[in-house]
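Right, one structure below, let's go through it.
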Amino acid sequence: MSRASDLITQVDEVVRRRRVDKRRGRKRNLVKLTFRSLAQSTQSIRPQQNAKGRTEFVSVNPVPRNKQLIFKMTTTAMTPGRGAYNQTLIFHKIDFNDRLADKYPLKVSTKDGSFVYAGKLSGAETPVSVRCNCEDFYYMWWYHDNQKKALAGPKMKPYVRKTPPPPEGYPYRNPGEVPGVCKHCIGAFEDLIKKRLLTR
Ligand SMILES: [Zn+2]
């Protein structure tokens, strides 16, 4: 009798765990854009990006249960007095390991003072989501990035147009509704490439 109930309990657990895995898998699979596809998409409507300033790390946070590696960075404008903007780059589908190995070349410190080792970050293949608190990211990119599941963090406050639609008012900022990134996020990615943490 006790055996039967044990069996039932086990089966329930297996089914439940599978469901959770499936749900997590679906959520992760939604993130499809990469650094390369975001950069190409940006370039398709903005061939030139101006100088972006100086990028620094704020934090690097591994989240093995979500298979994420989260970079928080800040970019200080080249022009004095223009302040700083904050970027978040989340790399998805990252595998972690307790030890250094060929497949896990990135040593990342954890909050408890130890280390984990993360798989490679590929600009062409690793799915990524992004965020910046600059005006350009707000007006041009966050909405369309979110549509493609490439916005890091919660939705931003919707932008309400105060002028009539074109041709009377100003033209739409992103009429092709393409996802992309501001110059600060490009700078943050380029900084990771320069530090040999990300391949192009
Ligand atoms: Zn920005």
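In the structure tokens, chains take the letters A, B, ... in the order shown, each chain's residues start at 1, and ligands count up from 1 in the order shown.
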List all protein, DNA and RNA residues that have at least one atom no more than 12 Å from any atom of ligand 1, counting only C-alpha atoms and all ligand atoms, and write them as a count of residues only. 41
Just asking: which residues within region 13-190 of chain A are alpha helix (DSSP H) according to DSSP, as a ChimeraX atom specification? /A:13-30,35-45,135-136,142-147,183-190
Could you please determine the separation between CA of Phe96 (chain A) and CA of Lys67 (chain A) in Å, to one decimal place? 7.6 Å
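Within the 8 Å cut-off around Leu33 (chain A), using only C-alpha atoms and omitting residues fewer than 6 positions from it on the same chain, the listed residues are Pro127, Val128, Ser129, Lys148 and Ala150 of chain A.
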